[in-house]
Amino acid sequence: MKLICIGRNYVDHAKELNNSVPEKPVFFLKPDSALVRNNKPFFYPDFSEDVHHEIELVIRIQRLGRSIPERFAHRYYSEIGLGIDFTARDLQREMKQKGLPWEIAKGFDYSAPVSHFIPLQEAGAPGNIGFHLQVNGKTVQQGSSSEMIFSFDRIIAYVSGFMTLKTGDLIFTGTPAGVGPVEIGDHLEGYLGDRKMMDFFVK
Ligand code: ZN
């Protein structure tokens with residue numbers, strides 16, 4: 001399975017990193033070795049001094065598809081969860097400056113903690129699913145699918161035009177504003193609406 005991550009899908013986040021707002025979705029991949037499940041800890045890597053949290057809504061693909069028309073995209077997912085797209089911002093900055101791929105900044109071990117998944121209808125209307133991240137009890141990021149530049153359906157249509165989506169693939173749908181560094185010992189809690197979905201420590 002693969003992890004597909006959408007970049008710059010919230011206007012406020014694109015601005016906070018001085019990026020332009022894209023006309024088409026921007027996406028990149030993480031390997032399945034980046035996955036962390038069941039609230040296991042995030043182990044801070046020794047090659048970065050500036051790892052940032054990015055909380056994101058994650059949808060799980062439930063059937064095989066390629067070149068999926070946007071109007072049929074809703075048939076390809078029915079569950080939603082939360083994920084953190086941990087990013088080594090210092091390495092990412094360096095790679096961006098050189099125009100090189102981002103994998104070392106985005107695809108490292110433990111860089112993709114994911115919650116359990118719940119049926120989409122339990123999370124509310126697909127166009128208005130609220131979520132937030134607390135670090136040490138303080139809300140640091142807050143967003144809603146209503147603020148996404150590209151909808152779940154649009155993302156599926158776009159990505160599947162380039163690569164086949166398979167059952168079990170996960171799509172991280174982008175992070176709202178408020179990204180920031182984590183430190184060893186931090187306690188992270190992710191909420192979908194008021195339902196706690198993630199609860200883990202940085203070690
Ligand atoms: Zn992200």
# chains A, B, ... in the order shown; residues from 1 in each chain; ligands from 1
>>> residues_around(residues="Ile156 in chain A", least_positions_apart="2", cutoff="10 Å", atoms="only C-alpha atoms", output="list in words")
Ile61, Gly65, Arg66, Ser67, Ile68, Pro69, Glu70, Phe72, Ala73, His74, Tyr76, Tyr77, Phe150, Ser151, Phe152, Asp153, Arg154, Tyr158, Val159, Ser160, Gly161, Leu165 and Ile171 of chain A
>>> closest_residue(among="A:Val114, A:Ile184, A:Leu100, A:Val179", to="ligand 1", atoms="only C-alpha atoms and all ligand atoms")
A:Val179
>>> residues_near_ligand(ligand="ligand 1", cutoff="9 Å", atoms="only C-alpha atoms and all ligand atoms", output="PyMOL selection string")
chain A and resi 5-9+53-56+84-87+106+172-176
>>> closest_residue(among="A:Phe200, A:Tyr10, A:Phe117, A:Tyr191", to="Asn136 in chain A", atoms="only C-alpha atoms")
A:Phe200
>>> residues_around(residues="Ala123 in chain A", least_positions_apart="2", cutoff="10 Å", atoms="only C-alpha atoms", output="mmCIF file with all heavy atoms, in the first residue's frame")
data_model
loop_
_atom_site.group_PDB
_atom_site.id
_atom_site.type_symbol
_atom_site.label_atom_id
_atom_site.label_comp_id
_atom_site.auth_asym_id
_atom_site.auth_seq_id
_atom_site.Cartn_x
_atom_site.Cartn_y
_atom_site.Cartn_z
ATOM 1 N N GLU A 79 -14.382 5.618 4.673
ATOM 2 C CA GLU A 79 -13.890 5.750 6.047
ATOM 3 C C GLU A 79 -12.893 6.886 6.139
ATOM 4 O O GLU A 79 -12.173 7.176 5.184
ATOM 5 C CB GLU A 79 -13.193 4.456 6.484
ATOM 6 C CG GLU A 79 -14.149 3.302 6.662
ATOM 7 C CD GLU A 79 -13.417 2.088 7.208
ATOM 8 O OE1 GLU A 79 -12.234 1.902 6.878
ATOM 9 O OE2 GLU A 79 -14.040 1.344 7.973
ATOM 10 N N ILE A 80 -12.867 7.476 7.318
ATOM 11 C CA ILE A 80 -11.962 8.607 7.543
ATOM 12 C C ILE A 80 -11.260 8.452 8.885
ATOM 13 O O ILE A 80 -11.801 7.853 9.822
ATOM 14 C CB ILE A 80 -12.740 9.939 7.446
ATOM 15 C CG1 ILE A 80 -11.783 11.121 7.388
ATOM 16 C CG2 ILE A 80 -13.749 10.092 8.593
ATOM 17 C CD1 ILE A 80 -12.426 12.399 6.863
ATOM 18 N N GLY A 81 -10.070 8.992 8.945
ATOM 19 C CA GLY A 81 -9.309 9.005 10.195
ATOM 20 C C GLY A 81 -8.434 10.241 10.217
ATOM 21 O O GLY A 81 -8.609 11.164 9.413
ATOM 22 N N ILE A 118 -13.087 5.576 10.994
ATOM 23 C CA ILE A 118 -14.513 5.479 11.303
ATOM 24 C C ILE A 118 -15.300 5.729 10.013
ATOM 25 O O ILE A 118 -14.786 6.343 9.074
ATOM 26 C CB ILE A 118 -14.938 6.502 12.390
ATOM 27 C CG1 ILE A 118 -14.693 7.946 11.919
ATOM 28 C CG2 ILE A 118 -14.212 6.236 13.704
ATOM 29 C CD1 ILE A 118 -15.332 8.995 12.828
ATOM 30 N N PRO A 119 -16.529 5.233 9.948
ATOM 31 C CA PRO A 119 -17.339 5.497 8.759
ATOM 32 C C PRO A 119 -17.492 7.009 8.548
ATOM 33 O O PRO A 119 -17.681 7.756 9.512
ATOM 34 C CB PRO A 119 -18.687 4.855 9.095
ATOM 35 C CG PRO A 119 -18.386 3.832 10.144
ATOM 36 C CD PRO A 119 -17.236 4.403 10.936
ATOM 37 N N LEU A 120 -17.409 7.387 7.305
ATOM 38 C CA LEU A 120 -17.462 8.802 6.950
ATOM 39 C C LEU A 120 -18.702 9.507 7.512
ATOM 40 O O LEU A 120 -18.616 10.626 8.013
ATOM 41 C CB LEU A 120 -17.466 8.900 5.424
ATOM 42 C CG LEU A 120 -16.982 10.171 4.771
ATOM 43 C CD1 LEU A 120 -15.553 10.517 5.194
ATOM 44 C CD2 LEU A 120 -17.038 10.026 3.260
ATOM 45 N N GLN A 121 -19.839 8.809 7.460
ATOM 46 C CA GLN A 121 -21.072 9.473 7.922
ATOM 47 C C GLN A 121 -21.054 9.774 9.413
ATOM 48 O O GLN A 121 -21.728 10.692 9.867
ATOM 49 C CB GLN A 121 -22.336 8.688 7.518
ATOM 50 C CG GLN A 121 -22.422 7.284 8.044
ATOM 51 C CD GLN A 121 -21.827 6.277 7.065
ATOM 52 O OE1 GLN A 121 -20.943 6.604 6.279
ATOM 53 N NE2 GLN A 121 -22.305 5.043 7.105
ATOM 54 N N ALA A 125 -20.903 15.774 7.708
ATOM 55 C CA ALA A 125 -20.982 15.996 6.265
ATOM 56 C C ALA A 125 -19.561 16.062 5.697
ATOM 57 O O ALA A 125 -18.704 16.733 6.273
ATOM 58 C CB ALA A 125 -21.719 17.291 5.982
ATOM 59 N N PRO A 126 -19.292 15.344 4.572
ATOM 60 C CA PRO A 126 -17.926 15.294 4.041
ATOM 61 C C PRO A 126 -17.337 16.685 3.788
ATOM 62 O O PRO A 126 -16.134 16.871 3.897
ATOM 63 C CB PRO A 126 -18.067 14.527 2.726
ATOM 64 C CG PRO A 126 -19.346 13.786 2.832
ATOM 65 C CD PRO A 126 -20.230 14.525 3.798
ATOM 66 N N ASN A 128 -17.756 19.246 5.638
ATOM 67 C CA ASN A 128 -17.583 20.050 6.853
ATOM 68 C C ASN A 128 -17.181 19.191 8.054
ATOM 69 O O ASN A 128 -17.887 19.111 9.047
ATOM 70 C CB ASN A 128 -18.871 20.829 7.141
ATOM 71 C CG ASN A 128 -18.655 21.893 8.199
ATOM 72 O OD1 ASN A 128 -17.515 22.264 8.476
ATOM 73 N ND2 ASN A 128 -19.727 22.356 8.798
ATOM 74 N N ILE A 129 -16.012 18.555 7.930
ATOM 75 C CA ILE A 129 -15.501 17.699 9.002
ATOM 76 C C ILE A 129 -14.412 18.466 9.760
ATOM 77 O O ILE A 129 -13.358 18.773 9.207
ATOM 78 C CB ILE A 129 -14.934 16.389 8.427
ATOM 79 C CG1 ILE A 129 -16.042 15.619 7.690
ATOM 80 C CG2 ILE A 129 -14.321 15.541 9.535
ATOM 81 C CD1 ILE A 129 -15.553 14.436 6.894
ATOM 82 N N GLY A 130 -14.709 18.770 11.000
ATOM 83 C CA GLY A 130 -13.762 19.535 11.812
ATOM 84 C C GLY A 130 -12.753 18.628 12.494
ATOM 85 O O GLY A 130 -13.052 17.475 12.815
ATOM 86 N N PHE A 131 -11.557 19.137 12.713
ATOM 87 C CA PHE A 131 -10.524 18.365 13.414
ATOM 88 C C PHE A 131 -9.533 19.324 14.045
ATOM 89 O O PHE A 131 -9.428 20.481 13.641
ATOM 90 C CB PHE A 131 -9.820 17.392 12.452
ATOM 91 C CG PHE A 131 -9.094 18.048 11.300
ATOM 92 C CD1 PHE A 131 -7.708 18.162 11.296
ATOM 93 C CD2 PHE A 131 -9.795 18.546 10.209
ATOM 94 C CE1 PHE A 131 -7.033 18.751 10.239
ATOM 95 C CE2 PHE A 131 -9.127 19.143 9.134
ATOM 96 C CZ PHE A 131 -7.750 19.241 9.154
ATOM 97 N N LEU A 192 -11.218 14.321 15.926
ATOM 98 C CA LEU A 192 -12.096 14.458 14.776
ATOM 99 C C LEU A 192 -13.433 14.902 15.364
ATOM 100 O O LEU A 192 -14.056 14.134 16.101
ATOM 101 C CB LEU A 192 -12.218 13.089 14.095
ATOM 102 C CG LEU A 192 -12.674 12.976 12.653
ATOM 103 C CD1 LEU A 192 -11.895 13.874 11.727
ATOM 104 C CD2 LEU A 192 -12.545 11.525 12.202
ATOM 105 N N GLY A 193 -13.855 16.130 15.092
ATOM 106 C CA GLY A 193 -14.966 16.681 15.856
ATOM 107 C C GLY A 193 -14.541 16.695 17.314
ATOM 108 O O GLY A 193 -13.460 17.179 17.643
ATOM 109 N N ASP A 194 -15.359 16.133 18.221
ATOM 110 C CA ASP A 194 -14.878 16.048 19.608
ATOM 111 C C ASP A 194 -14.488 14.618 19.996
ATOM 112 O O ASP A 194 -14.327 14.304 21.166
ATOM 113 C CB ASP A 194 -15.882 16.654 20.611
ATOM 114 C CG ASP A 194 -17.311 16.387 20.230
ATOM 115 O OD1 ASP A 194 -17.525 15.403 19.484
ATOM 116 O OD2 ASP A 194 -18.210 17.133 20.671
ATOM 117 N N ARG A 195 -14.307 13.778 18.994
ATOM 118 C CA ARG A 195 -13.915 12.395 19.243
ATOM 119 C C ARG A 195 -12.383 12.272 19.222
ATOM 120 O O ARG A 195 -11.751 12.621 18.222
ATOM 121 C CB ARG A 195 -14.495 11.518 18.133
ATOM 122 C CG ARG A 195 -14.290 10.035 18.308
ATOM 123 C CD ARG A 195 -14.604 9.317 17.005
ATOM 124 N NE ARG A 195 -15.970 9.524 16.553
ATOM 125 C CZ ARG A 195 -16.842 8.528 16.343
ATOM 126 N NH1 ARG A 195 -16.495 7.278 16.566
ATOM 127 N NH2 ARG A 195 -18.038 8.784 15.887
#
>>> atom_distance(atom1="CA of Ile149 in chain A", atom2="CA of Arg71 in chain A")
17.2 Å
>>> select_by_dssp(residues="range 61-187 of chain A", states="strand (DSSP E)", output="PyMOL selection string")
chain A and resi 61+77-84+87-88+112-113+118-119+130-135+138-144+170-172+180-181+187
>>> select_by_dssp(residues="range 19-178 of chain A", states="helix (DSSP H, G or I)", output="PyMOL selection string")
chain A and resi 32-34+70-76+89-98+103-106+120-123+145-147+152-160
>>> write_last_selection(atoms="N, CA, C and O atoms", output="compact mmCIF listing (two decimals), in the first residue's frame")
# COMPACT_ATOMS: atom_id res chain seq x y z
N ASP A 32 5.29 2.77 3.02
CA ASP A 32 4.48 2.16 4.09
C ASP A 32 5.31 1.97 5.37
O ASP A 32 4.75 1.86 6.46
N SER A 33 6.63 1.99 5.25
CA SER A 33 7.49 1.88 6.45
C SER A 33 7.40 3.13 7.34
O SER A 33 7.86 3.11 8.48
N ALA A 34 6.79 4.21 6.84
CA ALA A 34 6.63 5.42 7.65
C ALA A 34 5.45 5.32 8.62
O ALA A 34 5.34 6.08 9.57
N GLU A 70 -14.34 12.47 -11.30
CA GLU A 70 -14.66 13.09 -10.01
C GLU A 70 -16.06 12.70 -9.53
O GLU A 70 -16.28 12.47 -8.35
N ARG A 71 -16.99 12.56 -10.45
CA ARG A 71 -18.37 12.27 -10.03
C ARG A 71 -18.54 10.86 -9.44
O ARG A 71 -19.53 10.58 -8.77
N PHE A 72 -17.57 9.97 -9.73
CA PHE A 72 -17.64 8.62 -9.15
C PHE A 72 -16.69 8.43 -7.97
O PHE A 72 -16.65 7.35 -7.36
N ALA A 73 -15.91 9.45 -7.66
CA ALA A 73 -14.83 9.30 -6.66
C ALA A 73 -15.36 8.89 -5.30
O ALA A 73 -14.69 8.16 -4.56
N HIS A 74 -16.59 9.32 -4.94
CA HIS A 74 -17.13 8.99 -3.62
C HIS A 74 -17.29 7.49 -3.40
O HIS A 74 -17.41 7.02 -2.28
N ARG A 75 -17.31 6.71 -4.49
CA ARG A 75 -17.45 5.25 -4.35
C ARG A 75 -16.16 4.60 -3.88
O ARG A 75 -16.14 3.41 -3.58
N TYR A 76 -15.09 5.34 -3.89
CA TYR A 76 -13.77 4.74 -3.62
C TYR A 76 -13.32 4.90 -2.17
O TYR A 76 -12.25 4.45 -1.81
N ARG A 89 11.44 19.86 8.74
CA ARG A 89 11.35 21.14 8.01
C ARG A 89 12.72 21.63 7.57
O ARG A 89 12.86 22.23 6.51
N ASP A 90 13.75 21.37 8.37
CA ASP A 90 15.10 21.82 7.98
C ASP A 90 15.56 21.10 6.71
O ASP A 90 16.09 21.73 5.79
N LEU A 91 15.33 19.79 6.65
CA LEU A 91 15.73 19.05 5.44
C LEU A 91 14.86 19.45 4.25
O LEU A 91 15.33 19.57 3.13
N GLN A 92 13.58 19.66 4.52
CA GLN A 92 12.67 20.04 3.43
C GLN A 92 13.10 21.37 2.82
O GLN A 92 13.11 21.54 1.60
N ARG A 93 13.46 22.32 3.69
CA ARG A 93 13.90 23.64 3.23
C ARG A 93 15.10 23.50 2.30
O ARG A 93 15.16 24.09 1.22
N GLU A 94 16.05 22.67 2.76
CA GLU A 94 17.28 22.46 1.98
C GLU A 94 16.96 21.83 0.61
O GLU A 94 17.46 22.28 -0.42
N MET A 95 16.08 20.82 0.61
CA MET A 95 15.73 20.14 -0.64
C MET A 95 14.98 21.07 -1.58
O MET A 95 15.21 21.09 -2.78
N LYS A 96 14.07 21.87 -1.01
CA LYS A 96 13.30 22.81 -1.84
C LYS A 96 14.23 23.82 -2.50
O LYS A 96 14.10 24.12 -3.69
N GLN A 97 15.19 24.34 -1.71
CA GLN A 97 16.13 25.33 -2.25
C GLN A 97 16.90 24.76 -3.43
O GLN A 97 17.16 25.44 -4.41
N LYS A 98 17.26 23.47 -3.32
CA LYS A 98 18.05 22.85 -4.39
C LYS A 98 17.17 22.28 -5.50
O LYS A 98 17.68 21.74 -6.47
N GLU A 103 11.83 13.33 -0.21
CA GLU A 103 11.62 12.09 0.53
C GLU A 103 12.30 12.06 1.91
O GLU A 103 11.71 11.59 2.88
N ILE A 104 13.53 12.54 2.01
CA ILE A 104 14.22 12.44 3.31
C ILE A 104 13.54 13.30 4.37
O ILE A 104 13.67 13.03 5.56
N ALA A 105 12.82 14.31 3.93
CA ALA A 105 12.14 15.21 4.88
C ALA A 105 10.74 14.73 5.24
O ALA A 105 10.17 15.16 6.24
N LYS A 106 10.19 13.83 4.43
CA LYS A 106 8.78 13.46 4.57
C LYS A 106 8.55 11.96 4.73
O LYS A 106 7.52 11.55 5.24
N LEU A 120 -17.41 7.39 7.31
CA LEU A 120 -17.46 8.80 6.95
C LEU A 120 -18.70 9.51 7.51
O LEU A 120 -18.62 10.63 8.01
N GLN A 121 -19.84 8.81 7.46
CA GLN A 121 -21.07 9.47 7.92
C GLN A 121 -21.05 9.77 9.41
O GLN A 121 -21.73 10.69 9.87
N GLU A 122 -20.23 9.03 10.18
CA GLU A 122 -20.13 9.32 11.62
C GLU A 122 -19.32 10.58 11.89
O GLU A 122 -19.34 11.13 12.99
N ALA A 123 -18.54 11.02 10.88
CA ALA A 123 -17.69 12.20 11.07
C ALA A 123 -18.42 13.48 10.68
O ALA A 123 -17.88 14.57 10.85
N SER A 145 -12.72 20.25 6.73
CA SER A 145 -12.68 19.93 5.31
C SER A 145 -13.33 21.02 4.47
O SER A 145 -13.07 21.13 3.28
N SER A 146 -14.15 21.87 5.10
CA SER A 146 -14.77 22.97 4.34
C SER A 146 -13.73 24.00 3.88
O SER A 146 -13.99 24.77 2.98
N GLU A 147 -12.53 23.97 4.50
CA GLU A 147 -11.49 24.94 4.13
C GLU A 147 -10.51 24.38 3.11
O GLU A 147 -9.55 25.06 2.72
N PHE A 152 -12.05 15.88 -1.31
CA PHE A 152 -11.65 14.47 -1.38
C PHE A 152 -11.85 13.94 -2.81
O PHE A 152 -10.99 13.26 -3.36
N ASP A 153 -13.02 14.23 -3.39
CA ASP A 153 -13.34 13.69 -4.72
C ASP A 153 -12.38 14.23 -5.78
O ASP A 153 -11.93 13.50 -6.67
N ARG A 154 -12.08 15.50 -5.68
CA ARG A 154 -11.18 16.10 -6.65
C ARG A 154 -9.78 15.49 -6.53
O ARG A 154 -9.10 15.22 -7.53
N ILE A 155 -9.34 15.27 -5.30
CA ILE A 155 -8.02 14.69 -5.06
C ILE A 155 -7.95 13.29 -5.68
O ILE A 155 -6.99 12.94 -6.37
N ILE A 156 -8.98 12.48 -5.43
CA ILE A 156 -8.99 11.11 -5.95
C ILE A 156 -8.97 11.12 -7.48
O ILE A 156 -8.23 10.36 -8.11
N ALA A 157 -9.77 11.99 -8.07
CA ALA A 157 -9.80 12.07 -9.53
C ALA A 157 -8.42 12.46 -10.07
O ALA A 157 -7.91 11.85 -11.02
N TYR A 158 -7.80 13.44 -9.42
CA TYR A 158 -6.51 13.93 -9.90
C TYR A 158 -5.41 12.87 -9.75
O TYR A 158 -4.72 12.54 -10.71
N VAL A 159 -5.27 12.35 -8.54
CA VAL A 159 -4.17 11.40 -8.27
C VAL A 159 -4.32 10.15 -9.12
O VAL A 159 -3.35 9.64 -9.69
N SER A 160 -5.57 9.65 -9.26
CA SER A 160 -5.78 8.39 -9.98
C SER A 160 -5.55 8.55 -11.49
O SER A 160 -5.47 7.56 -12.21
>>> closest_residue(among="A:Leu17, A:Ala88, A:Leu82, A:Val202", to="Val58 in chain A", atoms="only C-alpha atoms")
A:Leu82
>>> closest_residue(among="A:Val21, A:Met197, A:Leu29, A:Ile4", to="Ile59 in chain A", atoms="only C-alpha atoms")
A:Ile4
>>> residues_around(residues="Gly190 in chain A", least_positions_apart="4", cutoff="7 Å", atoms="only C-alpha atoms", output="PDB file with C-alpha atoms, in the first residue's frame")
ATOM      1  CA  HIS A 132      -7.795  19.668  15.669  1.00  0.00           C
ATOM      2  CA  LEU A 133      -4.473  18.811  17.250  1.00  0.00           C
ATOM      3  CA  GLN A 134      -3.431  19.447  20.826  1.00  0.00           C
ATOM      4  CA  LYS A 196     -10.343  11.660  20.339  1.00  0.00           C
ATOM      5  CA  MET A 197      -8.649   9.628  17.620  1.00  0.00           C
ATOM      6  CA  MET A 198      -4.941   9.932  18.436  1.00  0.00           C
ATOM      7  CA  ASP A 199      -3.034  10.057  21.710  1.00  0.00           C
TER       8      ASP A 199
END
